[in-house]
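Below is the file input-v6.cif, which contains mmCIF, C-alpha atoms.
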```
data_final
loop_
_atom_site.label_atom_id
_atom_site.label_comp_id
_atom_site.auth_asym_id
_atom_site.auth_seq_id
_atom_site.Cartn_x
_atom_site.Cartn_y
_atom_site.Cartn_z
CA MET A 145 0.00 0.00 0.00
CA PRO A 146 1.52 3.36 -0.97
CA LEU A 147 1.63 5.74 1.93
CA ASN A 148 1.98 9.49 1.64
CA ASP A 149 5.30 11.03 2.46
CA PRO A 150 4.92 12.62 5.91
CA SER A 151 7.25 15.43 4.83
CA GLN A 152 4.54 16.65 2.48
CA GLY A 153 2.02 17.18 5.29
CA ARG A 154 3.08 20.71 6.18
CA PRO A 155 3.21 22.13 2.58
CA LEU A 156 -0.16 20.55 1.83
CA PHE A 157 -1.75 21.98 4.95
CA SER A 158 -0.23 25.42 4.24
CA ARG A 159 -1.75 25.38 0.77
CA PHE A 160 -5.11 24.26 2.09
CA TRP A 161 -5.20 26.90 4.81
CA ALA A 162 -4.10 29.67 2.43
CA CYS A 163 -7.29 28.91 0.52
CA ALA A 164 -9.74 27.89 3.26
CA SER A 165 -8.93 30.77 5.64
CA GLY A 166 -10.46 33.16 3.13
CA PHE A 167 -13.80 32.39 4.79
CA TRP A 168 -12.72 34.71 7.63
CA GLU A 169 -11.63 37.52 5.32
CA ARG A 170 -13.24 40.36 3.38
CA LYS A 171 -17.02 40.27 2.90
CA HIS A 172 -17.42 36.82 4.44
CA ALA A 173 -16.03 38.01 7.79
CA ARG A 174 -19.38 39.50 8.79
CA VAL A 175 -20.81 35.98 8.86
CA SER A 176 -17.83 33.87 9.94
CA TRP A 177 -16.58 35.91 12.89
CA PRO A 178 -19.95 36.29 14.70
CA LEU A 179 -20.47 32.53 14.34
CA THR A 180 -16.99 31.86 15.72
CA ALA A 181 -17.51 34.21 18.67
CA GLY A 182 -20.90 32.63 19.37
CA LEU A 183 -19.41 29.15 19.47
CA VAL A 184 -16.73 30.28 21.93
CA ALA A 185 -19.34 31.94 24.17
CA ILE A 186 -21.51 28.82 24.17
CA ALA A 187 -18.51 26.64 25.03
CA LEU A 188 -17.60 28.88 27.98
CA ALA A 189 -21.19 28.82 29.23
CA GLN A 190 -21.26 25.01 29.02
CA ILE A 191 -18.08 24.79 31.09
CA ALA A 192 -19.59 27.15 33.69
CA VAL A 193 -22.68 24.94 34.00
CA GLN A 194 -20.49 21.83 34.22
CA TYR A 195 -18.45 23.48 36.98
CA ARG A 196 -21.61 24.27 38.95
CA LEU A 197 -22.94 20.74 38.47
CA ASN A 198 -19.70 19.37 39.85
CA TYR A 199 -20.28 21.23 43.13
CA TRP A 200 -23.95 20.26 43.04
CA ASN A 201 -22.73 16.65 42.98
CA ARG A 202 -20.75 17.21 46.17
CA ASP A 203 -23.59 18.95 48.04
CA PHE A 204 -26.19 16.37 47.00
CA PHE A 205 -24.19 13.34 48.16
CA ASN A 206 -23.09 15.06 51.36
CA ALA A 207 -26.77 15.64 52.18
CA LEU A 208 -27.47 12.02 51.30
CA GLU A 209 -24.70 10.86 53.63
CA ARG A 210 -26.13 13.01 56.45
CA ARG A 211 -29.69 11.88 55.62
CA ASP A 212 -30.66 15.56 55.42
CA ALA A 213 -34.03 15.43 53.63
CA ALA A 214 -34.52 19.21 53.51
CA ARG A 215 -31.15 19.78 51.84
CA LEU A 216 -31.81 16.93 49.43
CA TRP A 217 -35.01 18.66 48.26
CA GLU A 218 -33.18 21.96 47.84
CA GLU A 219 -30.55 20.30 45.69
CA ALA A 220 -33.21 18.48 43.68
CA TRP A 221 -34.93 21.78 42.85
CA LEU A 222 -31.58 23.36 41.97
CA PHE A 223 -30.77 20.55 39.55
CA ALA A 224 -33.77 21.30 37.30
CA PRO A 225 -32.63 24.75 36.03
CA LEU A 226 -29.04 23.57 35.74
CA ALA A 227 -30.09 20.57 33.64
CA GLY A 228 -32.40 22.74 31.52
CA LEU A 229 -29.64 25.26 30.87
CA SER A 230 -27.22 22.48 29.96
CA ILE A 231 -29.70 21.03 27.44
CA LEU A 232 -30.40 24.47 25.96
CA LEU A 233 -26.70 25.20 25.52
CA SER A 234 -26.13 21.79 23.90
CA VAL A 235 -28.89 22.50 21.37
CA ALA A 236 -27.46 25.96 20.69
CA SER A 237 -24.02 24.43 20.22
CA VAL A 238 -25.35 22.04 17.57
CA TRP A 239 -26.96 24.94 15.67
CA GLY A 240 -23.79 27.05 15.86
CA ARG A 241 -21.47 24.26 14.77
CA MET A 242 -23.62 23.03 11.89
CA THR A 243 -24.32 26.55 10.64
CA THR A 244 -20.61 27.36 10.64
CA GLN A 245 -19.85 24.09 8.84
CA ARG A 246 -22.55 24.74 6.25
CA LYS A 247 -21.41 28.30 5.54
CA TRP A 248 -17.74 27.33 5.35
CA ARG A 249 -18.45 24.36 3.10
CA GLU A 250 -20.57 26.56 0.81
CA TRP A 251 -17.76 29.12 0.54
CA LEU A 252 -14.97 26.55 -0.02
CA THR A 253 -16.94 24.47 -2.56
CA LYS A 254 -17.84 27.55 -4.64
CA HIS A 255 -14.25 28.68 -4.42
CA LEU A 256 -12.85 25.32 -5.59
CA LEU A 257 -15.38 25.07 -8.41
CA ALA A 258 -14.48 28.56 -9.61
CA LEU A 259 -10.77 27.70 -9.62
CA TRP A 260 -11.39 24.35 -11.30
CA LEU A 261 -13.60 25.78 -14.08
CA ARG A 262 -11.68 29.00 -14.67
CA ASP A 263 -10.16 29.08 -18.16
CA GLY A 264 -10.84 25.36 -18.56
CA ARG A 265 -8.24 24.34 -15.99
CA TYR A 266 -9.99 21.01 -15.44
CA ARG A 267 -8.81 20.01 -18.90
CA GLY A 268 -5.19 20.79 -18.06
CA LEU A 269 -5.09 18.63 -14.93
CA LYS A 270 -4.40 15.47 -16.93
CA PHE A 271 -1.09 16.95 -18.05
CA VAL A 272 0.07 17.62 -14.48
CA ALA A 273 1.95 14.94 -12.57
CA GLY A 274 0.96 14.30 -8.97
CA ASP A 275 -1.74 12.96 -6.66
CA HIS A 276 -4.78 14.96 -7.75
CA GLN A 277 -7.01 12.43 -9.52
CA ASN A 278 -10.81 12.57 -9.37
CA ALA A 279 -11.17 16.30 -8.80
CA GLU A 280 -14.98 16.03 -8.62
CA TYR A 281 -14.78 13.72 -5.60
CA ARG A 282 -12.32 16.04 -3.87
CA ILE A 283 -14.52 19.08 -4.43
CA CYS A 284 -17.75 17.38 -3.33
CA VAL A 285 -16.70 14.94 -0.59
CA ASP A 286 -13.25 15.90 0.68
CA ALA A 287 -14.17 19.60 0.87
CA ARG A 288 -17.11 18.66 3.12
CA ILE A 289 -14.91 16.65 5.49
CA ALA A 290 -12.23 19.36 5.42
CA THR A 291 -14.74 21.94 6.68
CA ASP A 292 -16.91 19.76 8.95
CA ALA A 293 -14.17 18.20 11.07
CA PRO A 294 -12.09 21.30 11.97
CA VAL A 295 -15.11 23.15 13.39
CA ASP A 296 -15.92 20.25 15.71
CA MET A 297 -12.27 19.68 16.61
CA ALA A 298 -11.44 23.35 17.18
CA ILE A 299 -14.38 23.84 19.55
CA GLY A 300 -13.59 20.53 21.22
CA LEU A 301 -9.94 21.48 21.70
CA PHE A 302 -10.85 24.93 23.06
CA THR A 303 -13.32 23.31 25.45
CA ALA A 304 -10.74 20.70 26.50
CA LEU A 305 -8.07 23.33 27.26
CA THR A 306 -10.49 25.55 29.20
CA THR A 307 -11.93 22.57 31.08
CA ALA A 308 -8.42 21.40 31.97
CA ALA A 309 -7.57 24.84 33.37
CA VAL A 310 -10.77 25.03 35.44
CA PHE A 311 -10.97 21.46 36.75
CA THR A 312 -7.28 21.15 37.55
CA GLY A 313 -7.89 23.68 40.31
CA VAL A 314 -11.03 21.88 41.43
CA LEU A 315 -9.33 18.49 41.63
CA TRP A 316 -6.23 19.92 43.31
CA THR A 317 -8.39 21.56 45.99
CA ILE A 318 -10.59 18.52 46.63
CA GLY A 319 -7.86 15.90 46.60
CA GLY A 320 -5.20 17.85 48.46
CA SER A 321 -2.08 15.86 49.24
CA LEU A 322 -1.61 12.18 50.00
CA THR A 323 0.88 10.93 52.59
CA ILE A 324 2.31 7.46 52.07
CA SER A 325 4.29 5.61 54.72
CA ALA A 326 7.32 3.70 53.47
CA GLY A 327 8.92 2.04 56.45
CA ALA A 328 10.20 4.72 58.76
CA HIS A 329 9.77 7.39 56.13
CA GLN A 330 6.70 9.28 54.99
CA VAL A 331 6.27 10.67 51.50
CA THR A 332 3.73 13.43 50.80
CA ILE A 333 2.45 13.79 47.22
CA PRO A 334 0.84 17.23 46.66
CA GLY A 335 -2.10 17.33 44.28
CA TYR A 336 -1.89 13.58 43.84
CA LEU A 337 -5.23 13.33 42.00
CA VAL A 338 -4.04 15.81 39.37
CA LEU A 339 -0.80 13.88 38.96
CA GLY A 340 -2.80 10.65 38.71
CA VAL A 341 -5.08 11.93 35.96
CA GLY A 342 -2.08 13.35 34.09
CA LEU A 343 -0.30 10.01 34.17
CA TYR A 344 -3.48 8.17 33.18
CA ALA A 345 -4.08 10.46 30.20
CA PHE A 346 -0.45 10.24 29.08
CA VAL A 347 -0.52 6.43 28.99
CA PHE A 348 -3.66 6.25 26.85
CA THR A 349 -2.67 9.11 24.54
CA ALA A 350 0.70 7.45 23.90
CA ALA A 351 -1.02 4.12 23.25
CA MET A 352 -3.39 5.75 20.74
CA MET A 353 -0.53 7.47 18.92
CA VAL A 354 1.40 4.21 18.59
CA ILE A 355 -1.50 1.94 17.63
CA GLY A 356 -3.17 4.40 15.25
CA ARG A 357 -0.09 5.94 13.66
CA TRP A 358 -0.96 4.62 10.16
CA LEU A 359 -4.65 5.56 10.26
CA PRO A 360 -4.44 8.96 8.43
CA ALA A 361 -2.55 7.44 5.49
CA ILE A 362 -4.94 4.46 5.30
CA ILE A 363 -7.99 6.74 5.31
CA GLN A 364 -6.48 8.86 2.55
CA SER A 365 -5.77 5.76 0.45
CA GLU A 366 -9.29 4.47 1.06
CA ASN A 367 -10.82 7.78 -0.04
CA GLN A 368 -8.74 7.69 -3.22
CA ALA A 369 -9.80 4.09 -3.92
CA GLU A 370 -13.48 5.04 -3.44
CA ALA A 371 -13.06 7.93 -5.87
CA GLU A 372 -11.41 5.68 -8.46
CA LEU A 373 -14.21 3.13 -8.17
CA LEU A 374 -16.79 5.87 -8.70
CA ALA A 375 -14.88 7.20 -11.72
CA ALA A 376 -14.52 3.73 -13.27
CA ALA A 377 -18.25 3.04 -12.86
CA SER A 378 -19.09 6.46 -14.35
CA LYS A 379 -17.04 5.69 -17.48
CA ILE A 380 -19.14 2.58 -18.14
CA ARG A 381 -22.36 4.56 -17.78
CA GLU A 382 -21.12 7.35 -20.01
CA SER A 383 -19.94 4.97 -22.75
CA GLY A 384 -23.49 3.69 -23.30
CA GLU A 385 -24.65 0.24 -24.29
CA GLU A 386 -24.35 0.81 -28.05
CA ALA A 387 -20.77 2.06 -27.80
CA ALA A 388 -19.92 -0.89 -25.57
CA ARG A 389 -21.29 -3.35 -28.21
CA ALA A 390 -19.47 -1.58 -31.01
CA ALA A 391 -16.18 -1.79 -29.15
CA GLU A 392 -16.40 -4.91 -27.05
CA GLY A 393 -12.70 -4.85 -26.20
CA SER A 394 -13.01 -1.36 -24.74
CA GLY A 395 -16.04 -2.38 -22.70
CA SER A 396 -14.16 -5.36 -21.27
CA ALA A 397 -11.29 -3.08 -20.29
CA GLN A 398 -13.70 -0.73 -18.52
CA ARG A 399 -15.29 -3.60 -16.61
CA SER A 400 -11.87 -4.88 -15.61
CA ALA A 401 -11.04 -1.40 -14.31
CA VAL A 402 -14.17 -1.47 -12.13
CA TRP A 403 -13.30 -4.87 -10.62
CA LEU A 404 -9.74 -3.75 -9.97
CA ALA A 405 -10.98 -0.55 -8.31
CA LEU A 406 -13.42 -2.56 -6.18
CA ARG A 407 -10.63 -4.87 -5.01
CA GLN A 408 -8.58 -1.82 -4.03
CA VAL A 409 -11.51 -0.39 -2.05
CA LEU A 410 -12.07 -3.64 -0.17
CA GLU A 411 -8.36 -4.01 0.60
CA ARG A 412 -8.16 -0.45 1.98
CA TRP A 413 -11.33 -1.10 3.98
CA ARG A 414 -9.77 -4.22 5.50
CA GLN A 415 -6.67 -2.26 6.49
CA MET A 416 -8.79 0.49 8.02
CA CYS A 417 -10.82 -2.13 9.94
CA TRP A 418 -7.67 -3.42 11.65
CA GLN A 419 -6.56 0.09 12.55
CA LEU A 420 -9.98 1.01 13.97
CA MET A 421 -10.10 -2.19 16.00
CA GLY A 422 -6.89 -1.14 17.73
CA THR A 423 -7.93 2.47 18.33
CA THR A 424 -11.38 1.38 19.56
CA MET A 425 -9.76 -0.96 22.06
CA VAL A 426 -7.71 1.92 23.47
CA SER A 427 -10.63 4.37 23.61
CA GLN A 428 -12.99 1.89 25.28
CA MET A 429 -10.41 0.93 27.90
CA ASP A 430 -9.86 4.62 28.56
CA LEU A 431 -13.61 5.23 28.98
CA LEU A 432 -14.26 2.25 31.26
CA LEU A 433 -11.22 2.48 33.52
CA ALA A 434 -11.25 6.24 34.23
CA PRO A 435 -13.96 6.31 36.96
CA VAL A 436 -12.62 3.10 38.53
CA PHE A 437 -9.10 4.55 38.68
CA ALA A 438 -10.52 7.72 40.27
CA TRP A 439 -12.34 5.74 42.98
CA ILE A 440 -9.20 3.74 43.74
CA LEU A 441 -7.18 6.95 44.19
CA CYS A 442 -9.85 8.51 46.42
CA ALA A 443 -10.54 5.38 48.50
CA PRO A 444 -7.62 5.79 51.01
CA LYS A 445 -8.74 9.29 52.06
CA TYR A 446 -12.40 8.30 52.19
CA LEU A 447 -11.66 5.25 54.35
CA ALA A 448 -9.46 7.37 56.61
CA GLY A 449 -12.37 9.77 57.13
CA THR A 450 -10.60 12.77 55.59
CA MET A 451 -12.91 12.85 52.56
CA THR A 452 -16.72 12.85 52.67
CA LEU A 453 -18.96 10.87 50.31
CA GLY A 454 -19.87 14.09 48.51
CA GLU A 455 -16.21 15.02 48.05
CA LEU A 456 -15.43 11.52 46.79
CA THR A 457 -18.23 11.79 44.23
CA GLN A 458 -17.16 15.30 43.26
CA ALA A 459 -13.52 14.25 42.94
CA SER A 460 -14.46 11.24 40.82
CA ALA A 461 -16.58 13.39 38.48
CA ALA A 462 -13.84 16.04 38.27
CA PHE A 463 -11.26 13.32 37.58
CA VAL A 464 -13.29 11.94 34.66
CA THR A 465 -13.93 15.46 33.31
CA LEU A 466 -10.25 16.34 33.49
CA GLN A 467 -9.26 12.98 31.99
CA MET A 468 -11.59 13.60 29.04
CA ALA A 469 -10.00 17.02 28.53
CA PHE A 470 -6.47 15.60 28.65
CA ASN A 471 -7.45 12.72 26.36
CA TRP A 472 -8.94 14.95 23.67
CA LEU A 473 -6.63 13.40 21.08
CA VAL A 474 -7.67 9.86 22.04
CA ASP A 475 -11.35 10.68 21.59
CA ASN A 476 -10.81 12.58 18.32
CA PHE A 477 -8.04 10.54 16.72
CA GLN A 478 -10.20 9.02 13.99
CA ARG A 479 -11.87 12.38 13.23
CA PHE A 480 -8.46 14.04 13.09
CA SER A 481 -7.24 11.33 10.71
CA ASP A 482 -10.28 11.81 8.44
CA TRP A 483 -9.70 15.55 8.38
CA ARG A 484 -5.98 15.25 7.71
CA ALA A 485 -6.61 12.93 4.77
CA ALA A 486 -9.31 15.20 3.33
CA THR A 487 -7.24 18.39 3.62
CA ASN A 488 -4.29 16.67 1.94
CA ARG A 489 -6.49 15.65 -0.99
CA VAL A 490 -7.99 19.13 -1.38
CA ALA A 491 -4.54 20.70 -1.12
CA ALA A 492 -3.15 18.32 -3.76
CA LEU A 493 -5.91 19.48 -6.12
CA LEU A 494 -5.14 23.13 -5.36
CA LEU A 495 -1.44 22.61 -6.06
CA ALA A 496 -2.25 20.90 -9.37
CA LEU A 497 -4.51 23.81 -10.36
CA ASP A 498 -1.68 26.17 -9.42
CA GLN A 499 0.62 24.30 -11.79
CA VAL A 500 -1.93 24.46 -14.60
CA GLU A 501 -2.24 28.22 -14.05
CA SER A 502 1.51 28.78 -13.91
CA GLY A 503 2.23 26.62 -16.92
CA HIS A 504 5.10 24.85 -15.16
CA GLU A 505 3.93 21.30 -14.69
CA GLY A 506 7.02 19.94 -13.01
CA SER A 507 7.86 22.81 -10.62
CA ALA A 508 6.19 24.17 -7.53
CA PRO A 509 4.23 27.39 -8.24
CA SER A 510 4.75 30.64 -6.47
CA THR A 511 2.28 31.67 -3.80
CA ALA A 512 1.49 35.16 -5.05
CA GLY A 513 0.03 34.06 -8.39
CA PRO A 514 -2.41 31.47 -6.99
CA LEU A 515 -3.60 33.82 -4.28
CA ARG A 516 -4.37 36.54 -6.80
CA GLU A 517 -6.22 34.00 -8.92
CA GLU A 518 -8.17 32.82 -5.87
CA LYS A 519 -9.34 36.37 -5.14
CA GLN A 520 -10.58 36.67 -8.72
CA ALA A 521 -12.28 33.26 -8.50
CA GLU A 522 -13.87 34.24 -5.21
CA SER A 523 -15.43 37.35 -6.72
CA GLN A 524 -16.83 35.24 -9.57
CA ALA A 525 -18.20 32.61 -7.17
#
```

Could I get this file's structure written as structure tokens?
Amino acid sequence: MPLNDPSQGRPLFSRFWACASGFWERKHARVSWPLTAGLVAIALAQIAVQYRLNYWNRDFFNALERRDAARLWEEAWLFAPLAGLSILLSVASVWGRMTTQRKWREWLTKHLLALWLRDGRYRGLKFVAGDHQNAEYRICVDARIATDAPVDMAIGLFTALTTAAVFTGVLWTIGGSLTISAGAHQVTIPGYLVLGVGLYAFVFTAAMMVIGRWLPAIIQSENQAEAELLAAASKIRESGEEAARAAEGSGSAQRSAVWLALRQVLERWRQMCWQLMGTTMVSQMDLLLAPVFAWILCAPKYLAGTMTLGELTQASAAFVTLQMAFNWLVDNFQRFSDWRAATNRVAALLLALDQVESGHEGSAPSTAGPLREEKQAESQA
């Protein structure tokens, strides 16, 4: 299986971003920036509600431990508005994310189509060497993935970083320090719960990076194989039955191309299946073991009477929240791989169009020319 040269990742991303970032420039900025600011505000509000729910957890279980019925009812009534606000913010987040994705995809697709059609450049692509086959698939499918995934991932990463900053303080305060006796010596570990969640997240993130290191290249190869299968099937349909009967040899060659493309698709799918089996194993272990690991770390202080039931529950919830923030890459590894493959394919098409425009098929084009052309294409789109 041919894998992409990792050294090409940065130039490809630079070319993609030089094009895609135009959504936040000029006349489109009046739409893109308010949507971006709204998504950030919603994310901050969600973290604030999550922070308050974490303390609600502590108060509720402390009242339960004391068998304080009056306080339990107070906490029950307090939960209703917090839950309602959390649901409302989640719905608003879906609207904001999908609206941003739709607007960005609309802008990028129109932009790519304008560049592709301008001066008949689509005809010149066959004379350019490189990985840019099946431009239609890249414009329709890869452009969608390249704009859908980064919106979700960017908001998720911002939320993870902010959550980590907030809940590190919460967990450090709740857990305090842990003193361990080792013979005649005593060792005190400050903020031991924070250190525990950091170590836990590091182990699983490292495992995901090792096990899933080939996933982006496999996804990119699978997307290319799917595009080639679609193109081969389209050629048969376009040839027509009469043309196929008139040139039976040509029809047989086209059918052979379809079977070969199908075998390539199934082989890439098998490779991706093995990769996803490994990454799923890591992510599921991470999800299942996190609360158990938190309870084990909190158990010594709870049994010693220095931590209440409410604090144990609060610490466990904060531990899981912080672990999810630290393990953002584990949870988003497949999505990141999909996005990386899609952006590489869109960028490869952009670079090929640049070469058609410059007239130098074998050399890398300058940046100034393509950017000027993109501005003209944008005004036409």

- [ ] List the neighbours of A:Phe480 out to 9 Å using only C-alpha atoms; skip same-chain residues closer than 2 positions along the sequence, and give me the result as a PyMOL selection string.
- [x] chain A and resi 293-294+297+360+473+476-478+482-485

TODO: Evaluate the PyMOL selection byres ((chain A and resi 354) around 12) and record the selected residues as number ranges by chain, following the chain and residue labels used in the document.
DONE: A: 347-353, 355-359, 419, 422-423, 426, 474, 477

Open item on the list: Using all atoms listed in the file - which residues lie no farther than 12 Å from the point (-3.1, 5.0, 6.1) in the file's frame? Write them as a ChimeraX atom specification.
Closed with: /A:145-150,356-368,411-420,478,481-482,484-485

Task: Length of the atom CA of A:Trp248 to atom CA of A:His172 vector [Å] - done: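 Between atom CA of A:Trp248 and atom CA of A:His172 the gap works out to 9.5 Å.
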
Could you produce a table of the residues of stretch 154-254 of chain A lying within 10 Å of stretch 306-319 of chain A, with the nearest pair of atoms per residue and their separation in Å rounded to one decimal, using all atoms listed in the file, ordered by chain and increasing residue number, as a Markdown table?
```
| residue | atom | partner | partner_atom | distance |
| --- | --- | --- | --- | --- |
| A:Ala187 | CA | A:Thr306 | CA | 9.1 |
| A:Leu188 | CA | A:Thr306 | CA | 7.9 |
| A:Gln190 | CA | A:Thr307 | CA | 9.9 |
| A:Ile191 | CA | A:Thr307 | CA | 6.5 |
| A:Ala192 | CA | A:Val310 | CA | 9.2 |
| A:Gln194 | CA | A:Thr307 | CA | 9.1 |
| A:Tyr195 | CA | A:Phe311 | CA | 7.8 |
| A:Asn198 | CA | A:Val314 | CA | 9.2 |
| A:Tyr199 | CA | A:Val314 | CA | 9.4 |
```

Open item on the list: Would you compute the distance between atom CA of A:Phe470 and atom CA of A:Ala345? Give it in Å to one decimal.
Closed with: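 For atom CA of A:Phe470 relative to atom CA of A:Ala345, the distance reads 5.9 Å.
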
Take the point (-17.8, 11.6, 40.4) as written in the file and pick out every residue within 12 Å of it, counting only C-alpha atoms; give the list as a PDB file with C-alpha atoms, in the coordinates of the input.
```pdb
ATOM      1  CA  LEU A 197     -22.940  20.740  38.470  1.00  0.00           C
ATOM      2  CA  ASN A 198     -19.700  19.370  39.850  1.00  0.00           C
ATOM      3  CA  TYR A 199     -20.280  21.230  43.130  1.00  0.00           C
ATOM      4  CA  TRP A 200     -23.950  20.260  43.040  1.00  0.00           C
ATOM      5  CA  ASN A 201     -22.730  16.650  42.980  1.00  0.00           C
ATOM      6  CA  ARG A 202     -20.750  17.210  46.170  1.00  0.00           C
ATOM      7  CA  PHE A 204     -26.190  16.370  47.000  1.00  0.00           C
ATOM      8  CA  PHE A 205     -24.190  13.340  48.160  1.00  0.00           C
ATOM      9  CA  LEU A 315      -9.330  18.490  41.630  1.00  0.00           C
ATOM     10  CA  ILE A 318     -10.590  18.520  46.630  1.00  0.00           C
ATOM     11  CA  ALA A 434     -11.250   6.240  34.230  1.00  0.00           C
ATOM     12  CA  PRO A 435     -13.960   6.310  36.960  1.00  0.00           C
ATOM     13  CA  VAL A 436     -12.620   3.100  38.530  1.00  0.00           C
ATOM     14  CA  PHE A 437      -9.100   4.550  38.680  1.00  0.00           C
ATOM     15  CA  ALA A 438     -10.520   7.720  40.270  1.00  0.00           C
ATOM     16  CA  TRP A 439     -12.340   5.740  42.980  1.00  0.00           C
ATOM     17  CA  CYS A 442      -9.850   8.510  46.420  1.00  0.00           C
ATOM     18  CA  LEU A 453     -18.960  10.870  50.310  1.00  0.00           C
ATOM     19  CA  GLY A 454     -19.870  14.090  48.510  1.00  0.00           C
ATOM     20  CA  GLU A 455     -16.210  15.020  48.050  1.00  0.00           C
ATOM     21  CA  LEU A 456     -15.430  11.520  46.790  1.00  0.00           C
ATOM     22  CA  THR A 457     -18.230  11.790  44.230  1.00  0.00           C
ATOM     23  CA  GLN A 458     -17.160  15.300  43.260  1.00  0.00           C
ATOM     24  CA  ALA A 459     -13.520  14.250  42.940  1.00  0.00           C
ATOM     25  CA  SER A 460     -14.460  11.240  40.820  1.00  0.00           C
ATOM     26  CA  ALA A 461     -16.580  13.390  38.480  1.00  0.00           C
ATOM     27  CA  ALA A 462     -13.840  16.040  38.270  1.00  0.00           C
ATOM     28  CA  PHE A 463     -11.260  13.320  37.580  1.00  0.00           C
ATOM     29  CA  VAL A 464     -13.290  11.940  34.660  1.00  0.00           C
ATOM     30  CA  THR A 465     -13.930  15.460  33.310  1.00  0.00           C
ATOM     31  CA  LEU A 466     -10.250  16.340  33.490  1.00  0.00           C
TER      32      LEU A 466
END
```

TODO: Decode the PyMOL selection byres ((chain A and resi 219-225) around 8) for the given file into explicit residues and return them as a list of chain:residue names.
DONE: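 Here the PyMOL selection byres ((chain A and resi 219-225) around 8) matches A:Leu197, A:Trp200, A:Asp203, A:Phe204, A:Arg215, A:Leu216, A:Trp217, A:Glu218, A:Leu226, A:Ala227, A:Gly228, A:Leu229.
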
TODO: To one decimal in Å, tell me the separation between atom CA of A:Arg174 and atom CA of A:Ala298.
DONE: 19.9 Å

Task: For A:Asp430, the nearest of the candidates A:Leu494, A:Leu305, A:Phe346, A:Tyr446, counting all atoms listed in the file - done: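 When distances to A:Asp430 are compared using all atoms listed in the file, the smallest one comes from A:Phe346.
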
Task: Residues within 12 Å of A:Tyr266, only C-alpha atoms, excluding chain neighbours under 5 positions, as a ChimeraX atom specification - done: /A:256-261,271-272,276-280,493-494,496-501

Please save C-alpha atoms of the selected residues as a compact mmCIF listing (two decimals), in the coordinates of the input.
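Contents of again-v8.txt, freshly written:
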```
# COMPACT_ATOMS: atom_id res chain seq x y z
CA LEU A 256 -12.85 25.32 -5.59
CA LEU A 257 -15.38 25.07 -8.41
CA ALA A 258 -14.48 28.56 -9.61
CA LEU A 259 -10.77 27.70 -9.62
CA TRP A 260 -11.39 24.35 -11.30
CA LEU A 261 -13.60 25.78 -14.08
CA PHE A 271 -1.09 16.95 -18.05
CA VAL A 272 0.07 17.62 -14.48
CA HIS A 276 -4.78 14.96 -7.75
CA GLN A 277 -7.01 12.43 -9.52
CA ASN A 278 -10.81 12.57 -9.37
CA ALA A 279 -11.17 16.30 -8.80
CA GLU A 280 -14.98 16.03 -8.62
CA LEU A 493 -5.91 19.48 -6.12
CA LEU A 494 -5.14 23.13 -5.36
CA ALA A 496 -2.25 20.90 -9.37
CA LEU A 497 -4.51 23.81 -10.36
CA ASP A 498 -1.68 26.17 -9.42
CA GLN A 499 0.62 24.30 -11.79
CA VAL A 500 -1.93 24.46 -14.60
CA GLU A 501 -2.24 28.22 -14.05
```

Open item on the list: Calculated over all atoms listed in the file, which of the candidates A:Ala181, A:Met468, A:Ala326, A:Ala443 has the smallest distance to A:Gly240?
Closed with: A:Ala181

Can you sort out the box for stretch 470-476 of chain A, edges along x, y and z, all listed atoms in, 4 Å on every side, with centre and edge lengths in Å to one decimal, as lines of an AutoDock Vina configuration file?
```
center_x = -8.9
center_y = 12.7
center_z = 23.5
size_x = 12.9
size_y = 13.7
size_z = 18.3
```
